[in-house]
Every structure is written in C-alpha cells, then in structure tokens.
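Structure first, commentary second.
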Amino acid sequence: MPKPEVSASYQELSEDVERVSENPTEEREGDMEVHEDSSSVILPDGELGTTTPSLRFSKTCLKNVFSVILLFIYLLLMAVAVFLVYQTISDFREKLKHPVMSVTYKEVSLYDAPGIAFYPGKAQLLSCKHHYYDHIPPLVNPGQPGDIECTTQRINYTDPFTNQTMKYALVVQGPRDVKKRELVFLQFHLNETNQDFSAIDYLLFSSFQEFVSSSEKAKFMKDCESSYSSWKFSGGFRTWVKMSLVKTKEEDGSETVEFKQETSVVNYIDQRTKPGSDQLFFVVFEWKDPFIQTVQDIITANPWNMIALLCGIFLALFKAADFAKLSVKWMIKIRRRHLKRTRQVTNHIS
C-alpha cells in the first residue's frame, strides 16, 4: 500500500520540474509582474515626492515668514516695555524732587482768638470794643477816653534784631465768632507829633491764649516778631482789616501759621468843635471768612502704582521672551522636519 503513494508523489514532482523547465519565460514574466506590482505600490510615494514637496515648501516658508514677523513684533513690544520702565522710573524720581502744593479749606464757626500786638509809641489807647454784624455805632466823644472792653496786656521786651532797643507792645485779644461777624474796634490818640504823617505798627499772631499762658511772654513776643510780618495803619483814617488764616505744613511735620489780610481805608471827618493838632487813629479787625486755609506739599508719585506698573511690564517682558523662545524652537523644529522629508524623498528617488 505505501509504494503506490510514493510513486504518485514522485510523478507529480517530476511533472512540476518539467513544467518549469519547459516555460522559464513565464516564471520571469511572473517575477516581473510581481516587481511591477510592487513598483506600482511605491509609485504614489514617488508621485507625492514630485507634486506635494513644492506645496509643503511654500506652506513652510509662509509659516517661517509669519514666525519671523511675530518675533520682530514681540521684540518691538519688548523695546517699548523697556522704554516705559525707564520713563516710569524717571517720572517717579522727578516727582519726588518736585512735590505739588496742595491747598485745602476747613470751615469753622469759631476761631482761636488771635493776638494783636500794637506798638503805639507815644499814642494812647482811648477805647476798644467788640461789635457784631459789622455794626459800629457813632463815636460819642471822639478823641476822649472811652470804654476799654477788650482783654489787653502790656509788655516790654528787647528788639529781637538788635538786642539793645527796648520795645513796648500793647497786646489785644482779637475776634473769635465768625458767624456773628465779630469785630474789634480800637481808637488811639496821639497828642504831639513832629512828623508830617503818623502811623502805628501792629503785629498779628495766631493765639492770644498761648501768649497769656506763656511763662516767658517777652521771649514769646520776640519769637512772634521774628516769625510774623508787621503792618501799619495811619492817623486821620479808619482802617478796616479783614483777616484770613493760612496754615502751612512743613516737610518735617511742623506747622506754621500766618495771616493774610485785606485792608480798606476810609477818611475820617473830624467833627469836633475844637479840632486840635492831635492825631486820631481808628482801626477795625474782622475775619474775612470762616475758612482756614491749609497748605502742604504732597508727592503725586505713588510708589505702589509704580510697583504695579513695573510688575505688569516685567510680566509682559517675560511672556514676550517666552513666546519668542517657543517661536524659535518651533522654527528650528519645522526646519529639521523639512530637511528630514527632503532627505527621505532624495533617498527614495535614488
């Protein structure tokens, strides 16, 4: 039984060998067909290599150009940010050197009664009264001693500028109630004068109460004369003085006080029956308005605003630098990928 199977398989193998030996060209043609099929499979890659690279190159070129433009834009923005940082720091330093004067007004109903220091010389105080609502009744006996209803003090002290001359001052308490328009009316009399014109000096200082409570009144008056300006009012006129108070805050925190005044002068018509050669002085002191003016230097540069602005600018700089770095990396990556594809296509073609 096994012998017929061996002989049959041998016979089939011999027939196959004979078939191959008889048709060698058919086998080659088959091989060629296989190669042709394989080449036909590779052909689309070849076609892609010949048609799409130009398209890919143009897209890559556009992307690179766009990236370069973006890079230059961000470099420009970085330059602008650096300029803004420099300008901000320069402005801050300039504002520190040149503070701005700030003026504020505070309304009050009562002032601290100022002190009015008169230097009458040979003149004599005849009368002193407080009136309200700008109503000054006519004088009954002008040139004659009258009522002195004001709080006054007399003091002698040495001149602060020469330290040799003795000065005599009559200090009077000024008006307080600004709502009732309180005023102080004073009358002086000078009996003898050798001058063609005569005047009395006066000095305003901020607080009469400070003068009263001071233990060294002479030193207090010397300091006042050194710090405040003095004015004059003339004889034969009625001088109306309207005061306003200005407080100035210094850089060291101290506060100085000075007076501004508006003066109007009205001629006095002497209606005495026997007018002599003596001189009469009339002066009125009143507050101009209920506002105390406060002046101080302020620095408009706010360090916190500058710090916030600098933080924002530096954050923008870091973001721009980060974007520029990523853009450069992306361009390098695109370039390497393009070179890699070019080498693959060249190797495939070769």
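By order in the structure tokens, chains are A, B, ...; within a chain, residues start at 1; ligands start at 1, following the order shown.
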
Kindly assemble as CSV a list of the segment 55-116 of chain A residues that lie within 10 Å of segment 230-247 of chain A, each paired with its nearest atom pair and their distance in Å to one decimal, using only C-alpha atoms, sorted first by chain and then by ascending residue number.
residue,atom,partner,partner_atom,distance
A:Val103,CA,A:Lys247,CA,9.7
A:Thr104,CA,A:Lys247,CA,9.8
A:Tyr105,CA,A:Val246,CA,9.4
A:Tyr111,CA,A:Leu245,CA,9.4
A:Pro114,CA,A:Leu245,CA,9.8

Output of the above residues as an mmCIF file, in the first residue's frame, restricted to all heavy atoms:
data_model
loop_
_atom_site.group_PDB
_atom_site.id
_atom_site.type_symbol
_atom_site.label_atom_id
_atom_site.label_comp_id
_atom_site.auth_asym_id
_atom_site.auth_seq_id
_atom_site.Cartn_x
_atom_site.Cartn_y
_atom_site.Cartn_z
ATOM 1 N N VAL A 103 -3.735 122.727 48.512
ATOM 2 C CA VAL A 103 -4.439 123.719 49.319
ATOM 3 C C VAL A 103 -5.809 123.156 49.684
ATOM 4 O O VAL A 103 -6.582 122.773 48.802
ATOM 5 C CB VAL A 103 -4.592 125.054 48.575
ATOM 6 C CG1 VAL A 103 -5.322 126.067 49.446
ATOM 7 C CG2 VAL A 103 -3.236 125.596 48.169
ATOM 8 N N THR A 104 -6.107 123.084 50.984
ATOM 9 C CA THR A 104 -7.412 122.635 51.463
ATOM 10 C C THR A 104 -8.013 123.713 52.359
ATOM 11 O O THR A 104 -7.287 124.494 52.987
ATOM 12 C CB THR A 104 -7.295 121.314 52.244
ATOM 13 O OG1 THR A 104 -6.377 121.485 53.335
ATOM 14 C CG2 THR A 104 -6.793 120.195 51.345
ATOM 15 N N TYR A 105 -9.342 123.730 52.419
ATOM 16 C CA TYR A 105 -10.061 124.718 53.215
ATOM 17 C C TYR A 105 -10.935 124.001 54.242
ATOM 18 O O TYR A 105 -11.689 123.089 53.900
ATOM 19 C CB TYR A 105 -10.926 125.607 52.324
ATOM 20 C CG TYR A 105 -10.131 126.502 51.397
ATOM 21 C CD1 TYR A 105 -9.771 126.061 50.130
ATOM 22 C CD2 TYR A 105 -9.716 127.766 51.794
ATOM 23 C CE1 TYR A 105 -9.035 126.865 49.275
ATOM 24 C CE2 TYR A 105 -8.988 128.584 50.952
ATOM 25 C CZ TYR A 105 -8.651 128.133 49.693
ATOM 26 O OH TYR A 105 -7.919 128.935 48.862
ATOM 27 N N TYR A 111 -13.036 130.885 65.636
ATOM 28 C CA TYR A 111 -11.586 130.869 65.533
ATOM 29 C C TYR A 111 -10.970 130.909 66.932
ATOM 30 O O TYR A 111 -11.614 131.371 67.893
ATOM 31 C CB TYR A 111 -11.084 132.088 64.754
ATOM 32 C CG TYR A 111 -11.203 131.973 63.252
ATOM 33 C CD1 TYR A 111 -12.323 132.453 62.588
ATOM 34 C CD2 TYR A 111 -10.190 131.406 62.502
ATOM 35 C CE1 TYR A 111 -12.431 132.367 61.219
ATOM 36 C CE2 TYR A 111 -10.278 131.312 61.124
ATOM 37 C CZ TYR A 111 -11.399 131.791 60.481
ATOM 38 O OH TYR A 111 -11.502 131.695 59.138
ATOM 39 N N PRO A 114 -7.084 135.477 67.849
ATOM 40 C CA PRO A 114 -5.693 135.857 67.582
ATOM 41 C C PRO A 114 -5.246 136.966 68.527
ATOM 42 O O PRO A 114 -6.054 137.641 69.184
ATOM 43 C CB PRO A 114 -5.760 136.360 66.131
ATOM 44 C CG PRO A 114 -7.144 136.891 65.993
ATOM 45 C CD PRO A 114 -8.013 136.022 66.861
#

message: Using DSSP secondary structure from the backbone, list all helix (DSSP H, G or I) positions within segment 222-296 of chain A, as a ChimeraX atom specification.
response: /A:222-227

Write the residues of the selection above to a file with all heavy atoms, as a PDB file, in the first residue's frame.
ATOM      1  N   LYS A 222       9.212 138.078  71.239  1.00  0.00           N
ATOM      2  CA  LYS A 222      10.396 138.140  70.366  1.00  0.00           C
ATOM      3  C   LYS A 222      10.299 137.101  69.259  1.00  0.00           C
ATOM      4  O   LYS A 222      10.624 137.375  68.101  1.00  0.00           O
ATOM      5  CB  LYS A 222      11.660 137.919  71.209  1.00  0.00           C
ATOM      6  CG  LYS A 222      12.006 139.088  72.126  1.00  0.00           C
ATOM      7  CD  LYS A 222      13.202 138.774  73.013  1.00  0.00           C
ATOM      8  CE  LYS A 222      14.480 138.646  72.216  1.00  0.00           C
ATOM      9  NZ  LYS A 222      15.654 138.462  73.088  1.00  0.00           N
ATOM     10  N   ASP A 223       9.838 135.892  69.626  1.00  0.00           N
ATOM     11  CA  ASP A 223       9.673 134.851  68.603  1.00  0.00           C
ATOM     12  C   ASP A 223       8.595 135.237  67.586  1.00  0.00           C
ATOM     13  O   ASP A 223       8.747 134.998  66.378  1.00  0.00           O
ATOM     14  CB  ASP A 223       9.307 133.522  69.264  1.00  0.00           C
ATOM     15  CG  ASP A 223      10.437 132.968  70.114  1.00  0.00           C
ATOM     16  OD1 ASP A 223      11.598 133.365  69.870  1.00  0.00           O
ATOM     17  OD2 ASP A 223      10.162 132.151  71.021  1.00  0.00           O
ATOM     18  N   CYS A 224       7.509 135.845  68.069  1.00  0.00           N
ATOM     19  CA  CYS A 224       6.439 136.266  67.153  1.00  0.00           C
ATOM     20  C   CYS A 224       6.943 137.334  66.187  1.00  0.00           C
ATOM     21  O   CYS A 224       6.661 137.300  64.985  1.00  0.00           O
ATOM     22  CB  CYS A 224       5.251 136.795  67.936  1.00  0.00           C
ATOM     23  SG  CYS A 224       4.282 135.517  68.753  1.00  0.00           S
ATOM     24  N   GLU A 225       7.684 138.295  66.704  1.00  0.00           N
ATOM     25  CA  GLU A 225       8.193 139.358  65.832  1.00  0.00           C
ATOM     26  C   GLU A 225       9.187 138.819  64.814  1.00  0.00           C
ATOM     27  O   GLU A 225       9.289 139.342  63.699  1.00  0.00           O
ATOM     28  CB  GLU A 225       8.828 140.467  66.682  1.00  0.00           C
ATOM     29  CG  GLU A 225       9.181 141.707  65.890  1.00  0.00           C
ATOM     30  CD  GLU A 225       9.644 142.853  66.765  1.00  0.00           C
ATOM     31  OE1 GLU A 225       9.524 142.743  67.998  1.00  0.00           O
ATOM     32  OE2 GLU A 225      10.126 143.850  66.207  1.00  0.00           O
ATOM     33  N   SER A 226       9.911 137.777  65.204  1.00  0.00           N
ATOM     34  CA  SER A 226      10.854 137.165  64.254  1.00  0.00           C
ATOM     35  C   SER A 226      10.150 136.349  63.188  1.00  0.00           C
ATOM     36  O   SER A 226      10.677 136.192  62.081  1.00  0.00           O
ATOM     37  CB  SER A 226      11.841 136.270  65.018  1.00  0.00           C
ATOM     38  OG  SER A 226      12.544 137.001  65.992  1.00  0.00           O
ATOM     39  N   SER A 227       8.940 135.823  63.510  1.00  0.00           N
ATOM     40  CA  SER A 227       8.260 134.908  62.599  1.00  0.00           C
ATOM     41  C   SER A 227       7.199 135.575  61.730  1.00  0.00           C
ATOM     42  O   SER A 227       6.957 135.136  60.604  1.00  0.00           O
ATOM     43  CB  SER A 227       7.611 133.767  63.399  1.00  0.00           C
ATOM     44  OG  SER A 227       8.567 133.086  64.183  1.00  0.00           O
TER      45      SER A 227
END

Go through segment 116-230 of chain A and flag each residue having an atom no more than 10 Å from segment 275-292 of chain A; for those, report the closest pair of atoms plus their distance in Å to one decimal, using only C-alpha atoms, ordered by chain and rising number, as a Markdown table.
| residue | atom | partner | partner_atom | distance |
| --- | --- | --- | --- | --- |
| A:Ile116 | CA | A:Phe285 | CA | 9.1 |
| A:Ala123 | CA | A:Gln279 | CA | 8.8 |
| A:Gln124 | CA | A:Leu280 | CA | 9.7 |
| A:Leu125 | CA | A:Phe281 | CA | 9.2 |
| A:Leu126 | CA | A:Leu280 | CA | 9.6 |
| A:Ser127 | CA | A:Phe282 | CA | 9.7 |
| A:Cys128 | CA | A:Val284 | CA | 9.8 |
| A:Lys129 | CA | A:Val284 | CA | 9.8 |
| A:His130 | CA | A:Phe285 | CA | 9.7 |
| A:His131 | CA | A:Glu286 | CA | 9.8 |
| A:Tyr132 | CA | A:Glu286 | CA | 9.7 |
| A:Asp134 | CA | A:Glu286 | CA | 8.7 |
| A:Ile136 | CA | A:Val284 | CA | 9.6 |
| A:Pro142 | CA | A:Leu280 | CA | 8.3 |
| A:Gly143 | CA | A:Leu280 | CA | 6.6 |
| A:Gly174 | CA | A:Phe285 | CA | 7.3 |
| A:Pro175 | CA | A:Glu286 | CA | 6.5 |
| A:Arg176 | CA | A:Trp287 | CA | 8.2 |
| A:Asp177 | CA | A:Trp287 | CA | 8.6 |
| A:Val178 | CA | A:Pro290 | CA | 6.0 |
| A:Lys179 | CA | A:Pro290 | CA | 7.5 |
| A:Arg181 | CA | A:Glu286 | CA | 7.1 |
| A:Glu182 | CA | A:Glu286 | CA | 6.5 |
| A:Leu183 | CA | A:Glu286 | CA | 4.6 |
| A:Val184 | CA | A:Phe285 | CA | 5.2 |
| A:Phe185 | CA | A:Val284 | CA | 4.6 |
| A:Leu186 | CA | A:Val283 | CA | 5.5 |
| A:Gln187 | CA | A:Phe282 | CA | 4.7 |
| A:Phe188 | CA | A:Phe281 | CA | 4.8 |
| A:His189 | CA | A:Leu280 | CA | 4.8 |
| A:Leu190 | CA | A:Gln279 | CA | 5.1 |
| A:Asn191 | CA | A:Asp278 | CA | 4.4 |
| A:Glu192 | CA | A:Asp278 | CA | 6.0 |
| A:Thr193 | CA | A:Asp278 | CA | 7.5 |
| A:Phe197 | CA | A:Gln279 | CA | 9.3 |
| A:Ser198 | CA | A:Gln279 | CA | 7.9 |
| A:Ala199 | CA | A:Phe281 | CA | 8.2 |
| A:Ile200 | CA | A:Phe281 | CA | 8.3 |

- request: Could you jot down the atom CA of Lys219 of chain A to atom CA of Thr165 of chain A separation for me, Å, one decimal place?
  value: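 Computed distance, atom CA of Lys219 of chain A to atom CA of Thr165 of chain A, equals 14.5 Å.
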
message: Could you tell me how far atom CA of Met221 of chain A sits from atom CA of Met166 of chain A, in Å to one decimal place?
response: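 Going from atom CA of Met166 of chain A over to atom CA of Met221 of chain A covers 12.2 Å.
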
message: Counting only C-alpha atoms, which residue out of A:Val212, A:Leu339, A:Ala218, A:Leu71 sits closest to Ala113 of chain A?
response: A:Val212

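Of the listed residues A:Ile334, A:Ala321, A:Val345, A:Ala169, the one whose atoms come nearest to Leu76 of chain A is A:Ala321, with distances taken using only C-alpha atoms.
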
statement: A straight line from atom CA of Val108 of chain A to atom CA of Glu258 of chain A spans 17.0 Å

field: Neighbour list for Ala117 of chain A as a PyMOL selection string, cut-off 10 Å, only C-alpha atoms, skip fewer than 4 positions in-chain
entry: chain A and resi 152-155+168-174+201-205+208+221+224-225+230

For the selection just defined, write its residues with N, CA and C atoms to a file, as a tab-separated table (two decimals), in the first residue's frame.
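Dumped everything to part-v3.tsv:
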chain	number	residue	atom	x	y	z
A	152	THR	N	-6.67	143.14	77.30
A	152	THR	CA	-5.39	143.69	76.87
A	152	THR	C	-4.31	143.36	77.88
A	153	GLN	N	-3.08	143.35	77.39
A	153	GLN	CA	-1.91	143.19	78.25
A	153	GLN	C	-0.78	144.03	77.67
A	154	ARG	N	0.01	144.59	78.56
A	154	ARG	CA	1.15	145.41	78.15
A	154	ARG	C	2.43	144.67	78.50
A	155	ILE	N	3.40	144.78	77.60
A	155	ILE	CA	4.64	144.05	77.82
A	155	ILE	C	5.80	144.82	77.19
A	168	TYR	N	7.93	148.52	73.44
A	168	TYR	CA	6.72	148.48	74.26
A	168	TYR	C	5.57	148.01	73.36
A	169	ALA	N	4.84	146.96	73.78
A	169	ALA	CA	3.75	146.39	72.99
A	169	ALA	C	2.49	146.35	73.82
A	170	LEU	N	1.38	146.67	73.16
A	170	LEU	CA	0.06	146.53	73.76
A	170	LEU	C	-0.65	145.39	73.03
A	171	VAL	N	-0.87	144.29	73.73
A	171	VAL	CA	-1.43	143.09	73.11
A	171	VAL	C	-2.93	143.04	73.41
A	172	VAL	N	-3.74	142.90	72.36
A	172	VAL	CA	-5.20	142.91	72.47
A	172	VAL	C	-5.74	141.59	71.92
A	173	GLN	N	-6.76	141.05	72.58
A	173	GLN	CA	-7.41	139.83	72.10
A	173	GLN	C	-8.29	140.16	70.89
A	174	GLY	N	-8.10	139.38	69.81
A	174	GLY	CA	-8.83	139.63	68.58
A	174	GLY	C	-10.19	138.97	68.56
A	201	ASP	N	2.36	150.79	64.22
A	201	ASP	CA	2.67	149.42	63.77
A	201	ASP	C	1.83	148.43	64.56
A	202	TYR	N	1.48	147.32	63.88
A	202	TYR	CA	0.79	146.24	64.60
A	202	TYR	C	1.25	144.90	64.03
A	203	LEU	N	1.07	143.90	64.85
A	203	LEU	CA	1.52	142.55	64.52
A	203	LEU	C	0.43	141.56	64.89
A	204	LEU	N	0.14	140.61	64.01
A	204	LEU	CA	-0.86	139.57	64.27
A	204	LEU	C	-0.15	138.25	64.53
A	205	PHE	N	-0.56	137.55	65.58
A	205	PHE	CA	-0.08	136.19	65.82
A	205	PHE	C	-1.26	135.29	66.12
A	208	PHE	N	-3.99	134.30	71.09
A	208	PHE	CA	-3.83	135.17	72.27
A	208	PHE	C	-3.73	134.33	73.54
A	221	MET	N	7.00	137.10	72.59
A	221	MET	CA	6.83	138.23	71.66
A	221	MET	C	8.04	138.38	70.74
A	224	CYS	N	7.51	135.84	68.07
A	224	CYS	CA	6.44	136.27	67.15
A	224	CYS	C	6.94	137.33	66.19
A	225	GLU	N	7.68	138.29	66.70
A	225	GLU	CA	8.19	139.36	65.83
A	225	GLU	C	9.19	138.82	64.81
A	230	SER	N	4.85	142.58	60.07
A	230	SER	CA	4.15	143.69	60.74
A	230	SER	C	3.58	144.63	59.69

field: segment 71-183 of chain A: residues DSSP assigns to strand (DSSP E), reported as number ranges by chain
entry: A: 100-107, 115-119, 124-131, 152-158, 166-173, 183
